[in-house]
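Chemist: Below is the file data12.pdb, with PDB, C-alpha atoms.
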ATOM      1  CA  MET A   1      41.029 -20.587  13.354
ATOM      2  CA  PRO A   2      43.496 -22.612  11.197
ATOM      3  CA  SER A   3      42.858 -22.483   7.470
ATOM      4  CA  VAL A   4      43.244 -25.064   4.694
ATOM      5  CA  LEU A   5      43.452 -24.529   0.948
ATOM      6  CA  HIS A   6      42.241 -27.639  -0.891
ATOM      7  CA  VAL A   7      43.713 -27.972  -4.385
ATOM      8  CA  THR A   8      42.296 -30.473  -6.852
ATOM      9  CA  GLU A   9      42.484 -30.298 -10.616
ATOM     10  CA  ARG A  10      38.998 -31.714 -11.113
ATOM     11  CA  TRP A  11      35.903 -31.140  -9.015
ATOM     12  CA  GLY A  12      33.539 -33.977  -9.714
ATOM     13  CA  GLY A  13      32.368 -37.466  -8.848
ATOM     14  CA  GLY A  14      34.462 -39.318  -6.290
ATOM     15  CA  ILE A  15      36.984 -36.505  -5.898
ATOM     16  CA  ALA A  16      34.271 -34.079  -4.788
ATOM     17  CA  THR A  17      32.852 -36.717  -2.432
ATOM     18  CA  VAL A  18      36.196 -37.424  -0.758
ATOM     19  CA  VAL A  19      37.116 -33.772  -0.316
ATOM     20  CA  GLN A  20      33.648 -33.070   1.100
ATOM     21  CA  GLN A  21      34.197 -35.816   3.676
ATOM     22  CA  TYR A  22      37.539 -34.297   4.672
ATOM     23  CA  VAL A  23      35.922 -30.888   5.115
ATOM     24  CA  GLU A  24      32.930 -32.217   7.053
ATOM     25  CA  SER A  25      35.193 -34.146   9.443
ATOM     26  CA  THR A  26      37.268 -31.042  10.288
ATOM     27  CA  ALA A  27      34.640 -28.445  11.076
ATOM     28  CA  ASP A  28      37.096 -26.666  13.405
ATOM     29  CA  LEU A  29      39.068 -25.450  10.384
ATOM     30  CA  ARG A  30      38.346 -22.832   7.737
ATOM     31  CA  HIS A  31      38.311 -24.379   4.276
ATOM     32  CA  TYR A  32      39.040 -22.865   0.865
ATOM     33  CA  LEU A  33      39.018 -24.497  -2.574
ATOM     34  CA  LEU A  34      41.062 -24.100  -5.747
ATOM     35  CA  CYS A  35      39.886 -26.309  -8.614
ATOM     36  CA  GLN A  36      38.865 -26.378 -12.238
ATOM     37  CA  ASP A  37      35.321 -25.083 -12.568
ATOM     38  CA  ASN A  38      34.048 -28.071 -14.522
ATOM     39  CA  GLU A  39      31.091 -30.426 -14.822
ATOM     40  CA  TRP A  40      30.173 -31.201 -11.226
ATOM     41  CA  ILE A  41      26.835 -29.457 -10.864
ATOM     42  CA  VAL A  42      24.769 -32.128  -9.083
ATOM     43  CA  ARG A  43      24.239 -31.072  -5.485
ATOM     44  CA  ASP A  44      27.307 -28.865  -5.689
ATOM     45  CA  ARG A  45      27.876 -27.750  -2.091
ATOM     46  CA  ARG A  46      30.898 -25.546  -2.571
ATOM     47  CA  ALA A  47      29.169 -22.480  -1.120
ATOM     48  CA  ASP A  48      28.307 -24.452   2.042
ATOM     49  CA  LEU A  49      31.660 -26.204   2.461
ATOM     50  CA  PHE A  50      34.195 -23.503   1.611
ATOM     51  CA  ASP A  51      34.637 -19.923   2.735
ATOM     52  CA  THR A  52      35.830 -19.041  -0.769
ATOM     53  CA  SER A  53      36.616 -20.977  -3.935
ATOM     54  CA  TRP A  54      38.798 -19.991  -6.890
ATOM     55  CA  VAL A  55      39.136 -21.374 -10.413
ATOM     56  CA  LEU A  56      42.374 -23.197 -11.161
ATOM     57  CA  PRO A  57      43.790 -21.731 -14.403
ATOM     58  CA  SER A  58      44.615 -23.928 -17.362
ATOM     59  CA  GLY A  59      48.281 -24.771 -17.832
ATOM     60  CA  ARG A  60      50.707 -26.069 -15.230
ATOM     61  CA  LEU A  61      52.856 -22.939 -14.930
ATOM     62  CA  ALA A  62      49.825 -20.691 -14.510
ATOM     63  CA  SER A  63      48.415 -23.073 -11.896
ATOM     64  CA  VAL A  64      51.677 -23.169  -9.931
ATOM     65  CA  ARG A  65      51.841 -19.366  -9.956
ATOM     66  CA  GLU A  66      48.223 -19.075  -8.789
ATOM     67  CA  ILE A  67      48.815 -21.508  -5.901
ATOM     68  CA  ALA A  68      51.873 -19.534  -4.790
ATOM     69  CA  ARG A  69      49.957 -16.232  -5.085
ATOM     70  CA  LEU A  70      47.058 -17.446  -2.951
ATOM     71  CA  VAL A  71      49.349 -18.933  -0.303
ATOM     72  CA  GLY A  72      51.336 -15.699  -0.109
ATOM     73  CA  GLU A  73      48.216 -13.547   0.038
ATOM     74  CA  HIS A  74      46.118 -15.579   2.489
ATOM     75  CA  ARG A  75      48.837 -17.350   4.516
ATOM     76  CA  PHE A  76      46.991 -20.668   4.742
ATOM     77  CA  ASP A  77      48.147 -22.970   7.528
ATOM     78  CA  VAL A  78      47.877 -26.041   5.278
ATOM     79  CA  VAL A  79      47.704 -26.670   1.536
ATOM     80  CA  HIS A  80      45.958 -29.980   0.836
ATOM     81  CA  ALA A  81      46.525 -31.472  -2.623
ATOM     82  CA  HIS A  82      44.073 -34.209  -3.573
ATOM     83  CA  SER A  83      44.950 -36.554  -6.461
ATOM     84  CA  SER A  84      48.201 -36.943  -8.347
ATOM     85  CA  ASN A  85      47.744 -33.950 -10.662
ATOM     86  CA  ALA A  86      47.206 -31.576  -7.750
ATOM     87  CA  GLY A  87      50.056 -33.284  -5.900
ATOM     88  CA  ALA A  88      52.362 -32.369  -8.759
ATOM     89  CA  LEU A  89      51.221 -28.739  -8.851
ATOM     90  CA  VAL A  90      51.837 -28.074  -5.153
ATOM     91  CA  ARG A  91      55.268 -29.754  -5.171
ATOM     92  CA  LEU A  92      56.705 -28.119  -8.286
ATOM     93  CA  ARG A  93      57.508 -25.052  -6.186
ATOM     94  CA  ALA A  94      58.420 -24.816  -2.504
ATOM     95  CA  LEU A  95      55.569 -23.307  -0.486
ATOM     96  CA  PRO A  96      56.003 -21.513   2.849
ATOM     97  CA  THR A  97      53.383 -23.664   4.588
ATOM     98  CA  ARG A  98      52.575 -27.229   5.505
ATOM     99  CA  VAL A  99      51.621 -29.375   2.486
ATOM    100  CA  VAL A 100      49.447 -32.487   2.789
ATOM    101  CA  TYR A 101      49.098 -34.766  -0.226
ATOM    102  CA  THR A 102      46.355 -37.391  -0.587
ATOM    103  CA  PRO A 103      47.251 -39.269  -3.794
ATOM    104  CA  ASN A 104      43.830 -40.828  -4.497
ATOM    105  CA  ALA A 105      45.755 -43.718  -6.157
ATOM    106  CA  PHE A 106      49.344 -43.324  -7.355
ATOM    107  CA  ALA A 107      49.542 -43.656 -11.125
ATOM    108  CA  THR A 108      52.677 -45.744 -10.548
ATOM    109  CA  LEU A 109      50.260 -48.507  -9.476
ATOM    110  CA  ALA A 110      48.997 -48.739 -13.063
ATOM    111  CA  ALA A 111      50.197 -51.502 -15.383
ATOM    112  CA  PRO A 112      53.925 -51.043 -16.112
ATOM    113  CA  GLY A 113      54.451 -49.435 -19.498
ATOM    114  CA  SER A 114      50.919 -47.998 -19.729
ATOM    115  CA  LYS A 115      50.339 -44.296 -20.387
ATOM    116  CA  GLN A 116      49.184 -43.782 -16.784
ATOM    117  CA  TRP A 117      52.238 -45.594 -15.414
ATOM    118  CA  LEU A 118      54.574 -43.473 -17.525
ATOM    119  CA  GLN A 119      52.909 -40.279 -16.293
ATOM    120  CA  GLY A 120      53.218 -41.561 -12.729
ATOM    121  CA  GLN A 121      57.006 -41.813 -12.989
ATOM    122  CA  ALA A 122      57.142 -38.083 -12.245
ATOM    123  CA  GLU A 123      56.413 -39.084  -8.632
ATOM    124  CA  TRP A 124      60.053 -40.220  -8.293
ATOM    125  CA  ILE A 125      61.213 -36.641  -8.956
ATOM    126  CA  LEU A 126      58.415 -34.830  -7.129
ATOM    127  CA  GLY A 127      58.906 -37.131  -4.140
ATOM    128  CA  ARG A 128      62.267 -35.531  -3.421
ATOM    129  CA  ARG A 129      60.379 -32.593  -1.922
ATOM    130  CA  PRO A 130      59.279 -33.760   1.550
ATOM    131  CA  VAL A 131      55.618 -33.170   2.408
ATOM    132  CA  VAL A 132      52.986 -34.951   4.475
ATOM    133  CA  ILE A 133      51.455 -37.874   2.569
ATOM    134  CA  ALA A 134      48.137 -39.278   3.799
ATOM    135  CA  ALA A 135      47.793 -42.644   2.057
ATOM    136  CA  ALA A 136      44.702 -44.854   1.908
ATOM    137  CA  GLY A 137      45.399 -48.580   1.614
ATOM    138  CA  GLU A 138      48.516 -50.683   2.071
ATOM    139  CA  ASP A 139      49.487 -50.467  -1.608
ATOM    140  CA  GLU A 140      49.422 -46.685  -1.414
ATOM    141  CA  VAL A 141      51.421 -46.671   1.835
ATOM    142  CA  ALA A 142      54.100 -48.916   0.317
ATOM    143  CA  ALA A 143      54.241 -46.751  -2.816
ATOM    144  CA  ALA A 144      54.573 -43.565  -0.720
ATOM    145  CA  HIS A 145      57.524 -45.074   1.192
ATOM    146  CA  ARG A 146      59.291 -45.837  -2.086
ATOM    147  CA  LEU A 147      58.447 -42.631  -3.946
ATOM    148  CA  SER A 148      59.021 -40.056  -1.205
ATOM    149  CA  PRO A 149      61.090 -41.573   1.623
ATOM    150  CA  ARG A 150      61.726 -38.195   3.286
ATOM    151  CA  SER A 151      58.033 -37.337   3.555
ATOM    152  CA  GLU A 152      55.996 -37.705   6.742
ATOM    153  CA  LEU A 153      53.612 -40.589   6.113
ATOM    154  CA  HIS A 154      50.203 -41.238   7.672
ATOM    155  CA  ARG A 155      47.808 -44.096   6.905
ATOM    156  CA  ILE A 156      44.188 -42.999   6.564
ATOM    157  CA  TYR A 157      41.142 -45.248   6.297
ATOM    158  CA  ASN A 158      38.334 -44.512   3.901
ATOM    159  CA  LEU A 159      34.912 -45.465   5.202
ATOM    160  CA  PRO A 160      31.637 -46.150   3.426
ATOM    161  CA  ASP A 161      28.742 -43.771   3.897
ATOM    162  CA  GLN A 162      27.689 -44.373   7.502
ATOM    163  CA  ASN A 163      23.991 -44.048   6.610
ATOM    164  CA  LEU A 164      24.009 -47.128   4.369
ATOM    165  CA  ALA A 165      22.609 -50.522   5.335
ATOM    166  CA  PRO A 166      22.396 -53.844   3.433
ATOM    167  CA  THR A 167      19.327 -53.556   1.206
ATOM    168  CA  ALA A 168      20.408 -55.282  -2.028
ATOM    169  CA  GLN A 169      18.441 -58.365  -3.097
ATOM    170  CA  PHE A 170      19.469 -61.194  -5.399
ATOM    171  CA  ARG A 171      17.719 -61.709  -8.729
ATOM    172  CA  SER A 172      18.747 -64.082 -11.487
ATOM    173  CA  ASP A 173      18.420 -61.399 -14.194
ATOM    174  CA  LEU A 174      21.464 -59.620 -12.872
ATOM    175  CA  ARG A 175      21.787 -55.857 -12.878
ATOM    176  CA  VAL A 176      25.531 -55.141 -13.121
ATOM    177  CA  VAL A 177      26.844 -51.687 -12.172
ATOM    178  CA  MET A 178      30.070 -49.733 -12.058
ATOM    179  CA  ALA A 179      30.349 -46.358 -10.336
ATOM    180  CA  GLY A 180      32.943 -43.728 -11.119
ATOM    181  CA  ARG A 181      34.452 -41.376 -13.656
ATOM    182  CA  LEU A 182      34.839 -42.481 -17.253
ATOM    183  CA  SER A 183      38.629 -42.463 -17.387
ATOM    184  CA  ALA A 184      41.541 -44.698 -18.334
ATOM    185  CA  GLN A 185      42.038 -45.600 -14.677
ATOM    186  CA  LYS A 186      38.507 -47.045 -14.417
ATOM    187  CA  ASP A 187      38.830 -48.835 -17.808
ATOM    188  CA  PRO A 188      35.296 -48.409 -19.217
ATOM    189  CA  ASP A 189      36.360 -50.379 -22.313
ATOM    190  CA  PHE A 190      36.750 -53.494 -20.153
ATOM    191  CA  PHE A 191      33.264 -52.958 -18.711
ATOM    192  CA  ALA A 192      31.881 -52.598 -22.252
ATOM    193  CA  ALA A 193      33.676 -55.778 -23.333
ATOM    194  CA  VAL A 194      32.096 -57.754 -20.487
ATOM    195  CA  ALA A 195      28.655 -56.426 -21.493
ATOM    196  CA  VAL A 196      29.285 -57.564 -25.081
ATOM    197  CA  GLU A 197      30.318 -61.059 -23.957
ATOM    198  CA  ALA A 198      27.224 -61.355 -21.755
ATOM    199  CA  ARG A 199      25.035 -60.390 -24.702
ATOM    200  CA  LYS A 200      26.768 -62.949 -26.956
ATOM    201  CA  ALA A 201      26.125 -65.611 -24.332
ATOM    202  CA  ASN A 202      22.453 -64.579 -24.198
ATOM    203  CA  ARG A 203      22.636 -63.832 -20.478
ATOM    204  CA  PRO A 204      19.740 -61.868 -18.926
ATOM    205  CA  TYR A 205      22.069 -59.216 -17.542
ATOM    206  CA  THR A 206      21.828 -55.444 -17.837
ATOM    207  CA  PHE A 207      24.870 -53.193 -17.461
ATOM    208  CA  HIS A 208      24.814 -49.697 -15.968
ATOM    209  CA  TRP A 209      27.611 -47.160 -15.500
ATOM    210  CA  LEU A 210      26.830 -44.727 -12.676
ATOM    211  CA  GLY A 211      28.805 -41.583 -13.473
ATOM    212  CA  ASP A 212      30.202 -39.564 -16.336
ATOM    213  CA  GLY A 213      33.530 -38.310 -17.627
ATOM    214  CA  ASP A 214      35.733 -38.518 -20.705
ATOM    215  CA  GLU A 215      33.755 -38.403 -23.952
ATOM    216  CA  GLN A 216      35.953 -40.967 -25.713
ATOM    217  CA  TYR A 217      34.431 -43.862 -23.737
ATOM    218  CA  LYS A 218      30.753 -43.087 -24.242
ATOM    219  CA  ASP A 219      30.421 -44.532 -27.754
ATOM    220  CA  ALA A 220      31.924 -47.881 -26.726
ATOM    221  CA  LEU A 221      29.582 -48.145 -23.745
ATOM    222  CA  ALA A 222      26.550 -47.232 -25.853
ATOM    223  CA  ALA A 223      27.516 -49.771 -28.530
ATOM    224  CA  ALA A 224      27.752 -52.444 -25.835
ATOM    225  CA  GLY A 225      24.261 -51.604 -24.555
ATOM    226  CA  VAL A 226      25.504 -50.059 -21.303
ATOM    227  CA  GLU A 227      23.200 -47.465 -19.755
ATOM    228  CA  LEU A 228      25.104 -44.337 -18.660
ATOM    229  CA  SER A 229      23.483 -42.355 -15.850
ATOM    230  CA  GLY A 230      25.563 -39.173 -15.866
ATOM    231  CA  TRP A 231      26.563 -37.602 -12.564
ATOM    232  CA  LEU A 232      24.015 -38.323  -9.833
ATOM    233  CA  PRO A 233      23.208 -36.885  -6.411
ATOM    234  CA  MET A 234      24.603 -39.173  -3.724
ATOM    235  CA  ASP A 235      21.223 -40.606  -2.713
ATOM    236  CA  GLN A 236      20.470 -41.561  -6.338
ATOM    237  CA  LEU A 237      23.945 -43.035  -6.777
ATOM    238  CA  HIS A 238      23.459 -45.240  -3.731
ATOM    239  CA  ALA A 239      19.973 -46.220  -4.924
ATOM    240  CA  GLY A 240      21.504 -47.264  -8.248
ATOM    241  CA  GLN A 241      24.081 -49.378  -6.467
ATOM    242  CA  ALA A 242      21.528 -50.912  -4.108
ATOM    243  CA  ALA A 243      19.341 -51.973  -7.038
ATOM    244  CA  ALA A 244      22.233 -54.019  -8.455
ATOM    245  CA  GLN A 245      23.141 -57.634  -7.899
ATOM    246  CA  VAL A 246      26.812 -57.203  -8.876
ATOM    247  CA  HIS A 247      29.231 -54.273  -8.621
ATOM    248  CA  LEU A 248      31.770 -54.949 -11.400
ATOM    249  CA  HIS A 249      34.738 -52.739 -10.559
ATOM    250  CA  THR A 250      36.908 -52.610 -13.670
ATOM    251  CA  ALA A 251      39.567 -50.109 -12.539
ATOM    252  CA  VAL A 252      43.145 -51.087 -13.323
ATOM    253  CA  TYR A 253      44.436 -49.478 -10.123
ATOM    254  CA  GLU A 254      42.893 -47.724  -7.134
ATOM    255  CA  GLY A 255      43.380 -46.134  -3.785
ATOM    256  CA  SER A 256      40.836 -47.250  -1.191
ATOM    257  CA  CYS A 257      37.788 -46.840  -3.423
ATOM    258  CA  LEU A 258      34.629 -45.379  -1.850
ATOM    259  CA  SER A 259      32.268 -46.925  -4.416
ATOM    260  CA  VAL A 260      33.547 -50.417  -3.532
ATOM    261  CA  LEU A 261      33.170 -49.699   0.181
ATOM    262  CA  ASP A 262      29.657 -48.316  -0.338
ATOM    263  CA  ALA A 263      28.683 -51.376  -2.389
ATOM    264  CA  ALA A 264      29.822 -53.603   0.473
ATOM    265  CA  ALA A 265      27.815 -51.544   2.968
ATOM    266  CA  LEU A 266      24.744 -51.977   0.745
ATOM    267  CA  GLY A 267      25.271 -55.737   0.545
ATOM    268  CA  VAL A 268      26.147 -55.741  -3.167
ATOM    269  CA  PRO A 269      28.793 -58.349  -4.090
ATOM    270  CA  THR A 270      31.777 -56.818  -5.863
ATOM    271  CA  ILE A 271      33.940 -58.346  -8.562
ATOM    272  CA  GLY A 272      37.223 -56.476  -8.847
ATOM    273  CA  ARG A 273      40.338 -57.062 -10.860
ATOM    274  CA  PRO A 274      43.247 -58.312  -8.693
ATOM    275  CA  GLU A 275      45.116 -55.050  -9.085
ATOM    276  CA  PRO A 276      46.871 -52.701  -6.629
ATOM    277  CA  GLY A 277      44.472 -50.914  -4.348
ATOM    278  CA  ILE A 278      41.539 -53.199  -5.211
ATOM    279  CA  ALA A 279      42.662 -56.508  -3.721
ATOM    280  CA  ASP A 280      43.764 -54.454  -0.681
ATOM    281  CA  VAL A 281      40.132 -53.602   0.159
ATOM    282  CA  GLY A 282      39.570 -57.144   1.426
TER
END
Represent the structure contained in this file as structure tokens.
Modeler:
Amino acid sequence: MPSVLHVTERWGGGIATVVQQYVESTADLRHYLLCQDNEWIVRDRRADLFDTSWVLPSGRLASVREIARLVGEHRFDVVHAHSSNAGALVRLRALPTRVVYTPNAFATLAAPGSKQWLQGQAEWILGRRPVVIAAAGEDEVAAAHRLSPRSELHRIYNLPDQNLAPTAQFRSDLRVVMAGRLSAQKDPDFFAAVAVEARKANRPYTFHWLGDGDEQYKDALAAAGVELSGWLPMDQLHAGQAAAQVHLHTAVYEGSCLSVLDAAALGVPTIGRPEPGIADVG
């Protein structure tokens, strides 16, 4: 039976959800996981999904060595790198196996000159090593063509949870939600700023962030009166979205975002910034 080593720097939130979907849709393969052993403890299904999982060491050089060691020892048929950090780790050294890279939003799609954009410029160098790139969304496909023209490129289509149905109901005292990791990409500060403006205008709106993440954003959200849920099991996350009247997606760049797709499946209107990967959802 062919085997796949999934490499992702973080195991949590949307990243865990996407990788789980990949595993569940390829039950004819044996799956293994290499990731940081971090905060994702809600309905953690690693023991069910993967034959074995290993902890990704801290430090890039140590991580690259560990990837090479595992590939040499277990002779995986495919190494799958999910997200840009993992994509860098698996391409820093040639591996004697097929490499598939799912970017989960190229950082080059961030605002030019921003910290994320500057970090993303490494893709121009890493892209010289040809791999298989599975890109979600037209923006990501176009970026992959530019950044790694020698790579084999496939377009993939993210889908909402197939068990969801439109259940959201309109109310004038709007419940506004955002779902995802607290990170620079998702721009929690913008979400907090909107909550502050709504409060200044005396609007009967409540603001809720469904997720968790970087500590630096929590104080700003709390000061703005935003309720932070922490990481939730998927059924509770969807219930939180379905109870909303608006999904305010504040990310500055995206791939094909599952939380936006799930909101649409639940019948929740989404306001998104007209940025790469968000406008592409349609």
Chemist: Please compute the atom CA of Gln169 of chain A-atom CA of Ser259 of chain A distance, one decimal, in Å.
Modeler: 18.0 Å
Chemist: Choose the residue, out of A:Ala239, A:Leu147, A:Leu174, A:Val90, that has the smallest atom-to-atom separation from Arg65 of chain A; count all atoms listed in the file.
Modeler: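 Closest to Arg65 of chain A of all the choices is A:Val90.
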Chemist: Go ahead and compute the interatomic distance for atom CA of Ser172 of chain A and atom CA of Val268 of chain A, in Å to one decimal.
Modeler: 13.9 Å
Chemist: Might you spell out which residues the PyMOL selection byres ((chain A and resi 258) around 10) would select in the displayed file, as a list in words?
Modeler: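 Output of the PyMOL selection byres ((chain A and resi 258) around 10): Gly14, Thr17, Val18, Asn158, Leu159, Pro160, Asp161, Ala179, Gly180, Gly255, Ser256, Cys257, Ser259, Val260, Leu261, Asp262, Ala263 and Ala264 of chain A.
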Chemist: Got a sec to resolve the PyMOL selection byres ((chain A and resi 75) around 12) on this structure and send the residues as a list in words?
Modeler: Pro2, Ser3, Val4, Leu5, Tyr32, Ile67, Ala68, Arg69, Leu70, Val71, Gly72, Glu73, His74, Phe76, Asp77, Val78, Val79, Leu95, Pro96, Thr97 and Arg98 of chain A
Chemist: Can you spell out as a ChimeraX atom specification the set of residues that the PyMOL selection byres ((chain A and resi 142) around 12) selects in the structure I just provided?
Modeler: /A:105-106,108-109,133-141,143-149,153-155,255,276-277,280
